[in-house]
file target.txt (compact mmCIF, C-alpha atoms)
# COMPACT_ATOMS: atom_id res chain seq x y z
CA MET W 1 8.76 13.91 -9.18
CA HIS W 2 9.02 12.19 -12.51
CA SER W 3 12.20 10.19 -11.98
CA ASN W 4 12.03 6.40 -11.98
CA ALA W 5 12.70 6.16 -8.25
CA GLY W 6 10.10 8.77 -7.44
CA ARG W 7 7.54 7.24 -9.77
CA LEU W 8 8.05 3.78 -8.35
CA GLY W 9 7.89 5.11 -4.83
CA ARG W 10 4.65 6.93 -5.47
CA GLU W 11 3.03 4.26 -7.55
CA THR W 12 3.98 1.02 -5.81
CA LEU W 13 1.20 1.30 -3.25
CA CYS W 14 -1.51 3.32 -4.97
CA PHE W 15 -4.00 2.89 -2.18
CA ALA W 16 -2.16 5.54 -0.20
CA ASN W 17 -3.99 8.10 -2.34
CA HIS W 18 -7.50 8.72 -1.04
CA ARG W 19 -8.62 11.07 -3.77
CA SER W 20 -8.21 9.42 -7.11
CA VAL W 21 -6.89 5.95 -7.87
CA ARG W 22 -6.69 4.40 -11.31
CA ALA W 23 -5.14 1.00 -11.90
CA ASP W 24 -2.75 1.21 -14.81
CA ARG W 25 -0.87 -2.07 -14.98
CA VAL W 26 0.74 -4.77 -12.87
CA ARG W 27 4.33 -5.70 -13.47
CA VAL W 28 6.03 -8.51 -11.63
CA GLY W 29 9.79 -8.12 -11.45
CA HIS W 30 12.60 -9.89 -9.70
CA ASP W 31 15.37 -7.31 -9.87
CA THR W 32 14.06 -5.05 -7.13
CA LEU W 33 11.25 -5.05 -4.62
CA LEU W 34 10.10 -1.60 -5.69
CA SER W 35 9.12 -2.90 -9.15
CA VAL W 36 6.83 -5.68 -7.99
CA VAL W 37 3.68 -3.64 -8.46
CA ASP W 38 3.26 -0.57 -10.67
CA PHE W 39 0.06 1.45 -10.36
CA ARG W 40 -0.56 4.96 -11.63
CA TRP W 41 -2.11 7.46 -9.26
CA GLU W 42 -2.92 11.17 -9.25
CA ASN W 43 -3.33 14.05 -6.81
CA SER W 44 -1.24 12.60 -3.99
CA ASP W 45 -1.54 14.42 -0.68
CA ASP W 46 2.21 14.16 0.00
CA PRO W 47 4.37 12.10 -2.39
CA PHE W 48 7.56 12.79 -0.42
CA LEU W 49 6.09 11.48 2.83
CA PHE W 50 4.78 8.37 1.13
CA PHE W 51 8.06 7.74 -0.66
CA SER W 52 9.93 8.15 2.66
CA ILE W 53 7.66 5.66 4.40
CA LEU W 54 8.02 3.27 1.49
CA CYS W 55 11.82 3.49 1.70
CA ALA W 56 11.77 2.96 5.47
CA PHE W 57 9.76 -0.24 5.10
CA THR W 58 11.22 -1.74 1.93
CA LEU W 59 14.87 -0.63 1.85
CA THR W 60 15.87 -1.68 5.36
CA PRO W 61 18.22 -4.69 5.54
CA GLY W 62 15.70 -6.98 7.24
CA LEU W 63 13.30 -7.08 4.30
CA LEU W 64 16.03 -6.95 1.67
CA MET W 65 17.76 -9.95 3.25
CA ARG W 66 14.55 -12.02 3.24
CA THR W 67 13.72 -11.20 -0.37
CA VAL W 68 17.05 -12.51 -1.70
CA THR W 69 17.08 -15.73 0.34
CA VAL W 70 15.22 -18.89 -0.60
CA GLY W 71 11.53 -18.41 0.14
CA ASN W 72 8.22 -17.07 -1.11
CA LEU W 73 8.35 -13.62 0.44
CA GLN W 74 8.69 -11.76 -2.87
CA LEU W 75 5.62 -13.51 -4.28
CA THR W 76 3.76 -12.93 -1.01
CA LEU W 77 4.43 -9.20 -1.19
CA VAL W 78 3.23 -8.98 -4.80
CA LEU W 79 0.00 -10.87 -4.16
CA CYS W 80 -0.71 -9.04 -0.90
CA ALA W 81 -0.27 -5.72 -2.74
CA LEU W 82 -2.88 -6.86 -5.26
CA PHE W 83 -5.17 -7.96 -2.41
CA TYR W 84 -5.13 -4.57 -0.69
CA HIS W 85 -5.28 -2.68 -3.98
CA ARG W 86 -8.48 -4.52 -4.87
CA LEU W 87 -9.74 -3.74 -1.38
CA LEU W 88 -9.19 -0.03 -2.04
CA VAL W 89 -10.85 -0.08 -5.45
CA TRP W 90 -13.99 -1.73 -4.10
CA ASP W 91 -13.98 0.42 -0.97
CA ARG W 92 -14.07 3.60 -3.08
CA SER W 93 -16.60 2.25 -5.56
CA THR W 94 -20.36 2.22 -5.10
CA ARG W 95 -20.75 -0.67 -7.53
CA PRO W 96 -22.08 -3.84 -5.86
CA ILE W 97 -19.65 -6.72 -5.38
CA THR W 98 -20.55 -9.39 -7.92
CA SER W 99 -20.02 -13.14 -7.83
CA SER W 100 -17.18 -12.85 -10.34
CA ASP W 101 -15.50 -10.24 -8.11
CA ALA W 102 -15.75 -12.59 -5.12
CA ALA W 103 -14.41 -15.49 -7.20
CA TRP W 104 -11.41 -13.49 -8.40
CA TRP W 105 -10.65 -12.23 -4.88
CA GLY W 106 -11.08 -15.70 -3.38
CA PHE W 107 -8.67 -17.12 -5.97
CA LEU W 108 -6.13 -14.42 -5.10
CA THR W 109 -6.53 -15.05 -1.36
CA GLY W 110 -6.01 -18.76 -1.87
CA CYS W 111 -2.82 -18.11 -3.83
CA ILE W 112 -1.54 -15.88 -1.03
CA ILE W 113 -2.17 -18.63 1.52
CA VAL W 114 -0.16 -21.04 -0.61
CA THR W 115 2.88 -18.74 -0.34
CA HIS W 116 2.64 -18.84 3.48
CA TYR W 117 -0.09 -20.39 5.59
CA PHE W 118 0.15 -17.52 8.10
CA ASN W 119 -1.72 -15.51 5.45
CA VAL W 120 -4.89 -17.39 6.38
CA THR W 121 -5.82 -14.28 8.41
CA LEU W 122 -6.60 -12.51 5.13
CA ILE W 123 -9.72 -14.65 4.83
CA VAL W 124 -11.13 -12.87 7.88
CA VAL W 125 -10.27 -9.47 6.37
CA GLY W 126 -12.01 -10.42 3.13
CA VAL W 127 -15.14 -11.73 4.86
CA VAL W 128 -15.42 -8.65 7.09
CA PHE W 129 -15.15 -6.39 4.04
CA LEU W 130 -17.90 -8.30 2.22
CA LEU W 131 -20.08 -8.07 5.32
CA LEU W 132 -19.52 -4.32 5.49
CA ARG W 133 -20.53 -4.04 1.83
CA LYS W 134 -23.55 -6.29 2.51
CA ALA W 135 -22.41 -8.64 -0.25
CA TYR W 136 -23.77 -11.66 1.60
CA ARG W 137 -24.15 -13.84 -1.50
CA ALA W 138 -20.52 -13.30 -2.42
CA ILE W 139 -19.19 -14.61 0.91
CA PRO W 140 -19.69 -18.38 0.19
CA ILE W 141 -17.98 -18.00 -3.21
CA TYR W 142 -15.08 -16.12 -1.64
CA LEU W 143 -14.69 -18.66 1.16
CA PHE W 144 -14.95 -21.62 -1.18
CA LEU W 145 -12.16 -20.48 -3.49
CA SER W 146 -9.99 -19.25 -0.62
CA VAL W 147 -10.04 -22.77 0.80
CA VAL W 148 -10.05 -24.80 -2.44
CA ILE W 149 -6.96 -23.15 -3.98
CA PRO W 150 -4.52 -24.14 -1.17
CA LEU W 151 -6.32 -27.44 -0.54
CA PRO W 152 -4.12 -29.53 -2.93
CA TRP W 153 -1.03 -28.30 -1.12
CA PHE W 154 -2.43 -29.22 2.29
CA ALA W 155 -3.69 -32.58 0.98
CA PHE W 156 -0.33 -33.47 -0.53
CA ASN W 157 1.47 -32.67 2.72
CA TYR W 158 -1.02 -34.65 4.77
CA PHE W 159 -0.92 -37.83 2.67
CA HIS W 160 2.85 -37.79 2.15
CA TYR W 161 4.08 -36.40 5.44
CA GLY W 162 1.16 -36.85 7.80
CA SER W 163 0.88 -33.11 8.43
CA LEU W 164 -0.80 -30.20 6.68
CA THR W 165 2.52 -28.36 6.61
CA GLY W 166 6.15 -29.25 7.07
CA TRP W 167 6.15 -27.87 10.60
CA LYS W 168 6.71 -31.19 12.37
CA PHE W 169 9.90 -31.81 10.37
CA VAL W 170 11.52 -28.55 11.44
CA TYR W 171 10.00 -28.40 14.93
CA SER W 172 12.44 -30.73 16.71
CA PRO W 173 15.66 -29.25 15.20
CA MET W 174 14.32 -25.77 15.87
CA MET W 175 13.58 -26.61 19.51
CA ASP W 176 17.15 -27.87 19.94
CA ILE W 177 18.38 -24.43 18.91
CA VAL W 178 15.88 -21.92 20.32
CA ASN W 179 14.49 -23.84 23.29
CA PRO W 180 16.74 -26.82 24.16
CA ASP W 181 15.28 -27.13 27.66
CA ARG W 182 11.74 -27.44 26.22
CA THR W 183 10.51 -24.72 28.56
CA PRO W 184 6.80 -23.99 27.99
CA TYR W 185 6.15 -20.48 26.75
CA SER W 186 3.90 -18.14 28.67
CA VAL W 187 2.52 -14.70 27.85
CA SER W 188 5.35 -13.12 29.85
CA THR W 189 7.89 -15.02 27.73
CA VAL W 190 6.34 -13.64 24.56
CA LEU W 191 6.29 -10.10 25.97
CA ASP W 192 9.96 -10.36 26.91
CA GLN W 193 10.79 -11.18 23.28
CA LEU W 194 8.88 -8.25 21.75
CA VAL W 195 11.76 -5.79 21.67
CA PRO W 196 14.71 -8.06 20.74
CA ARG W 197 12.90 -10.47 18.41
CA PHE W 198 9.87 -8.60 17.15
CA PHE W 199 10.82 -4.96 16.67
CA HIS W 200 14.54 -5.51 16.03
CA ILE W 201 14.16 -8.36 13.51
CA PHE W 202 11.51 -6.49 11.53
CA TRP W 203 14.03 -3.86 10.44
CA ASN W 204 17.21 -5.95 10.63
CA PRO W 205 18.07 -9.48 9.48
CA GLN W 206 17.76 -12.18 12.07
CA GLU W 207 21.38 -13.07 11.35
CA SER W 208 22.70 -9.56 12.10
CA LYS W 209 24.97 -9.08 15.07
CA ARG W 210 25.07 -6.38 17.69
CA MET W 211 24.51 -2.94 16.22
CA ILE W 212 26.01 0.39 17.10
CA LEU W 213 23.98 2.66 19.34
CA LEU W 214 22.65 4.91 16.57
CA SER W 215 21.40 1.96 14.51
CA ASP W 216 19.74 0.46 17.57
CA LEU W 217 18.02 3.77 18.23
CA ALA W 218 16.94 3.91 14.57
CA SER W 219 15.25 0.50 14.88
CA LYS W 220 13.41 1.58 18.01
CA TYR W 221 12.43 4.89 16.41
CA LEU W 222 10.94 3.18 13.35
CA SER W 223 9.16 0.64 15.54
CA GLY W 224 7.72 3.36 17.76
CA MET W 225 6.49 5.42 14.81
CA THR W 226 4.83 2.37 13.25
CA CYS W 227 3.12 1.23 16.45
CA PHE W 228 2.02 4.77 17.17
CA ALA W 229 0.46 5.05 13.70
CA VAL W 230 -1.36 1.70 13.82
CA LEU W 231 -2.72 2.27 17.32
CA GLY W 232 -3.58 5.89 16.52
CA ILE W 233 -5.60 5.00 13.41
CA GLY W 234 -7.29 2.15 15.25
CA VAL W 235 -8.33 4.30 18.22
CA TRP W 236 -9.40 7.12 15.90
CA GLN W 237 -11.69 4.92 13.84
CA LEU W 238 -12.98 3.09 16.92
CA LYS W 239 -13.89 6.43 18.46
CA LYS W 240 -15.84 7.28 15.32
CA LEU W 241 -17.67 3.98 15.49
CA VAL W 242 -18.68 4.59 19.10
CA LYS W 243 -19.92 8.09 18.29
CA LYS W 244 -21.67 6.72 15.16
CA GLU W 245 -19.75 9.13 12.96
CA SER W 246 -18.51 8.52 9.43
CA TRP W 247 -15.54 6.12 9.50
CA GLN W 248 -13.13 4.65 6.96
CA SER W 249 -13.65 0.92 6.46
CA LEU W 250 -10.26 0.62 4.75
CA ASP W 251 -8.51 1.90 7.88
CA ILE W 252 -10.39 -0.61 10.05
CA LEU W 253 -9.62 -3.50 7.70
CA CYS W 254 -5.90 -2.67 7.56
CA VAL W 255 -5.71 -2.45 11.35
CA LEU W 256 -7.62 -5.74 11.56
CA GLY W 257 -5.15 -7.43 9.20
CA VAL W 258 -2.15 -6.29 11.24
CA ILE W 259 -3.70 -7.29 14.58
CA LEU W 260 -4.77 -10.73 13.33
CA ASN W 261 -1.29 -11.36 11.99
CA PHE W 262 0.24 -10.42 15.33
CA LEU W 263 -2.24 -12.51 17.35
CA LEU W 264 -1.55 -15.54 15.16
CA LEU W 265 2.17 -15.20 15.87
CA VAL W 266 1.46 -15.00 19.61
CA TYR W 267 -0.73 -18.11 19.42
CA MET W 268 1.91 -20.07 17.49
CA SER W 269 4.54 -19.12 20.07
CA LEU W 270 2.39 -20.17 23.02
CA ALA W 271 1.20 -23.40 21.36
CA ASN W 272 4.64 -24.58 20.23
CA SER W 273 6.99 -22.91 22.73
CA VAL W 274 9.11 -21.44 19.95
CA PRO W 275 9.73 -17.75 19.15
CA CYS W 276 7.22 -17.18 16.34
CA VAL W 277 6.68 -13.59 17.46
CA MET W 278 9.40 -12.35 15.16
CA GLY W 279 9.37 -9.18 13.12
CA ARG W 280 10.06 -10.93 9.84
CA TYR W 281 6.72 -12.71 10.04
CA LEU W 282 5.01 -9.33 10.10
CA TYR W 283 6.21 -8.72 6.53
CA LEU W 284 2.94 -10.41 5.60
CA SER W 285 1.28 -7.17 6.76
CA LEU W 286 3.80 -4.87 5.06
CA TRP W 287 1.32 -3.02 2.83
CA PRO W 288 -1.28 -2.18 5.50
CA LEU W 289 1.56 -1.01 7.76
CA ILE W 290 2.79 1.35 5.04
CA PHE W 291 -0.74 2.57 4.39
CA LEU W 292 -1.60 3.14 8.05
CA THR W 293 1.68 4.96 8.74
CA TYR W 294 1.04 7.25 5.79
CA ARG W 295 -2.57 7.86 6.78
CA PHE W 296 -1.57 8.80 10.31
CA PHE W 297 1.19 11.30 9.52
CA VAL W 298 -0.21 12.85 6.34
CA VAL W 299 -2.65 14.96 8.40
CA LEU W 300 0.24 16.83 10.05
CA PRO W 301 1.42 20.25 8.84
CA ALA W 302 3.81 20.24 5.89
CA LEU W 303 6.88 21.12 7.98
CA TYR W 304 6.34 18.15 10.31
CA ARG W 305 5.72 15.83 7.37
CA ARG W 306 9.03 16.86 5.80
CA ALA W 307 10.86 16.31 9.09
CA ILE W 308 9.31 12.89 9.61
CA GLY W 309 9.95 11.84 6.02
CA GLY W 310 13.59 12.90 6.21
CA SER W 311 14.11 11.11 9.53
CA LEU W 312 12.66 7.88 8.12
CA ILE W 313 15.04 7.94 5.15
CA ILE W 314 18.00 8.64 7.45
CA CYS W 315 17.05 5.73 9.73
CA ALA W 316 16.73 3.34 6.78
CA ALA W 317 20.13 4.46 5.46
CA MET W 318 21.76 4.01 8.87
CA LEU W 319 20.42 0.46 9.28
CA THR W 320 21.47 -0.55 5.77
CA THR W 321 24.94 0.97 6.20
CA ASN W 322 25.40 -0.81 9.52
CA PHE W 323 24.46 -4.16 8.02
CA LEU W 324 26.71 -3.69 4.99
CA ALA W 325 29.58 -2.85 7.33
CA GLN W 326 28.98 -6.11 9.19
CA VAL W 327 29.03 -8.04 5.92
CA MET W 328 32.31 -6.40 4.87
CA VAL W 329 33.92 -7.20 8.23
CA GLU W 330 32.92 -10.85 7.90
CA GLN W 331 34.32 -10.99 4.38
CA LEU W 332 37.65 -9.48 5.46
CA LYS W 333 38.20 -11.81 8.43
CA PRO W 334 39.64 -14.69 6.34
CA LEU W 335 42.20 -12.27 4.87
CA GLN W 336 43.56 -11.22 8.25

call {"tool": "encode", "arguments": {"input": "target.txt", "output": "structure tokens"}}
result
Amino acid sequence: MHSNAGRLGRETLCFANHRSVRADRVRVGHDTLLSVVDFRWENSDDPFLFFSILCAFTLTPGLLMRTVTVGNLQLTLVLCALFYHRLLVWDRSTRPITSSDAAWWGFLTGCIIVTHYFNVTLIVVGVVFLLLRKAYRAIPIYLFLSVVIPLPWFAFNYFHYGSLTGWKFVYSPMMDIVNPDRTPYSVSTVLDQLVPRFFHIFWNPQESKRMILLSDLASKYLSGMTCFAVLGIGVWQLKKLVKKESWQSLDILCVLGVILNFLLLVYMSLANSVPCVMGRYLYLSLWPLIFLTYRFFVVLPALYRRAIGGSLIICAAMLTTNFLAQVMVEQLKPLQ
């Protein structure tokens, strides 16, 4: 596939290729999400499957809606792609991690945290990777820059607003909307919100209304496939660890990043009694989710890979069509 769409789909997340990866260039664009990162790669195991997974994650209305509204999500996605790309390059290389490597990676991690403080979980992913590579001297450098880069932002907020973030200014109005009775959240409350707020809002905008049956089934299908892939890779690598067999550190680190992101959302919900366990906050783990989904299904026979890839594209098209229909109906109401 040499078309622009195919090339972008294959090259956006080059770490999906486990045979040969060569960084070509980085291009930041604002016209489309698929042009945020451009890496060249060779010898892909299944370009169609990867392109299908990429479409399912990046062309659904939930992500598209968040990337065109006011926020830092586009920048977060670009920087997180660079973070995991660097993780792949070092994971496949036998060259020792130097102090300059740790400094560059710490600077990048700090910049990601500035875009959204939920990204603080990436510090744990970075430290675990350096521990696995036995780059003990690089850890203090990485930690120092990861903390120093966002420090001016936190300091400014603290001295001007009395808080490290602007959370306290939006907390009260948010509670009036989502929890007017100020009912304390429990684990059962969070679990009850998983399907409607977590899985649904990951693929669809939070503002979307009730969907038709097929679109609702498409959201649940995509959620099930993703969860199945993440849990499958995690159990597979954990089983290898227990048996002391050869295991993929990149798989473990991607699963760790997704789990830490989810646990942070659960903690924020329980601590503040607001629904932070929302799918749109998992966009911070978009790239490891794409990678893990690809890694899980690429081992299947070719016929199954084609069927899964086609179904993912169909589901993404159904969700986008449903949302566009809702937008058109809202636009036509004043004319009636």

call {"tool": "residues_near_point", "arguments": {"input": "target.txt", "point": "(23.0, -4.6, 13.7)", "cutoff": "12 Å", "atoms": "all atoms listed in the file", "output": "PyMOL selection string"}}
result
chain W and resi 60-62+196+200-219+318-327

call {"tool": "closest_residue", "arguments": {"input": "target.txt", "among": "W:Tyr267, W:Phe50, W:Tyr281, W:Phe296", "to": "W:Trp236", "atoms": "all atoms listed in the file"}}
result
W:Phe296

call {"tool": "residues_around", "arguments": {"input": "target.txt", "residues": "W:Cys276", "least_positions_apart": "2", "cutoff": "7 Å", "atoms": "all atoms listed in the file", "output": "list in words"}}
result
Leu265, Val266, Met268, Ser269, Val274 and Met278 of chain W

call {"tool": "closest_atom_pairs", "arguments": {"input": "target.txt", "of": "stretch 176-278 of chain W", "to": "stretch 132-154 of chain W", "cutoff": "12 Å", "atoms": "only C-alpha atoms", "output": "tab-separated table"}}
result
residue	atom	partner	partner_atom	distance
W:Trp247	CA	W:Leu132	CA	11.9
W:Gln248	CA	W:Leu132	CA	11.1
W:Ser249	CA	W:Leu132	CA	7.9
W:Leu250	CA	W:Leu132	CA	10.5
W:Ile252	CA	W:Leu132	CA	10.9
W:Leu253	CA	W:Leu132	CA	10.2

call {"tool": "atom_distance", "arguments": {"input": "target.txt", "atom1": "atom CA of W:Ser186", "atom2": "atom CA of W:Val277"}}
result
12.4 Å

call {"tool": "closest_residue", "arguments": {"input": "target.txt", "among": "W:Met175, W:Leu284, W:Val195, W:Ile233", "to": "W:Cys80", "atoms": "only C-alpha atoms"}}
result
W:Leu284

call {"tool": "closest_residue", "arguments": {"input": "target.txt", "among": "W:Tyr161, W:Phe57, W:Phe129, W:Tyr185", "to": "W:Leu270", "atoms": "all atoms listed in the file"}}
result
W:Tyr185

call {"tool": "atom_distance", "arguments": {"input": "target.txt", "atom1": "atom CA of W:Gly234", "atom2": "atom CA of W:Cys254"}}
result
9.2 Å

call {"tool": "residues_around", "arguments": {"input": "target.txt", "residues": "W:Val124", "least_positions_apart": "6", "cutoff": "9 Å", "atoms": "all atoms listed in the file", "output": "PyMOL selection string"}}
result
chain W and resi 256-257+260

call {"tool": "closest_residue", "arguments": {"input": "target.txt", "among": "W:Gly224, W:Gly126, W:Gly110, W:Gly166", "to": "W:Leu88", "atoms": "all atoms listed in the file"}}
result
W:Gly126

call {"tool": "atom_distance", "arguments": {"input": "target.txt", "atom1": "atom CA of W:Met65", "atom2": "atom CA of W:Arg280"}}
result
10.2 Å

call {"tool": "closest_residue", "arguments": {"input": "target.txt", "among": "W:Ile314, W:Val125, W:Val190, W:Leu238", "to": "W:Ser285", "atoms": "all atoms listed in the file"}}
result
W:Val125

call {"tool": "closest_residue", "arguments": {"input": "target.txt", "among": "W:Val258, W:Ala302, W:Pro275, W:Pro288", "to": "W:Ile177", "atoms": "all atoms listed in the file"}}
result
W:Pro275

call {"tool": "axis_aligned_box", "arguments": {"input": "target.txt", "around": "stretch 147-150 of chain W", "padding_each_side": "8 Å", "output": "JSON"}}
result
{"center_x": -7.3, "center_y": -23.8, "center_z": -1.6, "size_x": 21.5, "size_y": 18.0, "size_z": 20.8}
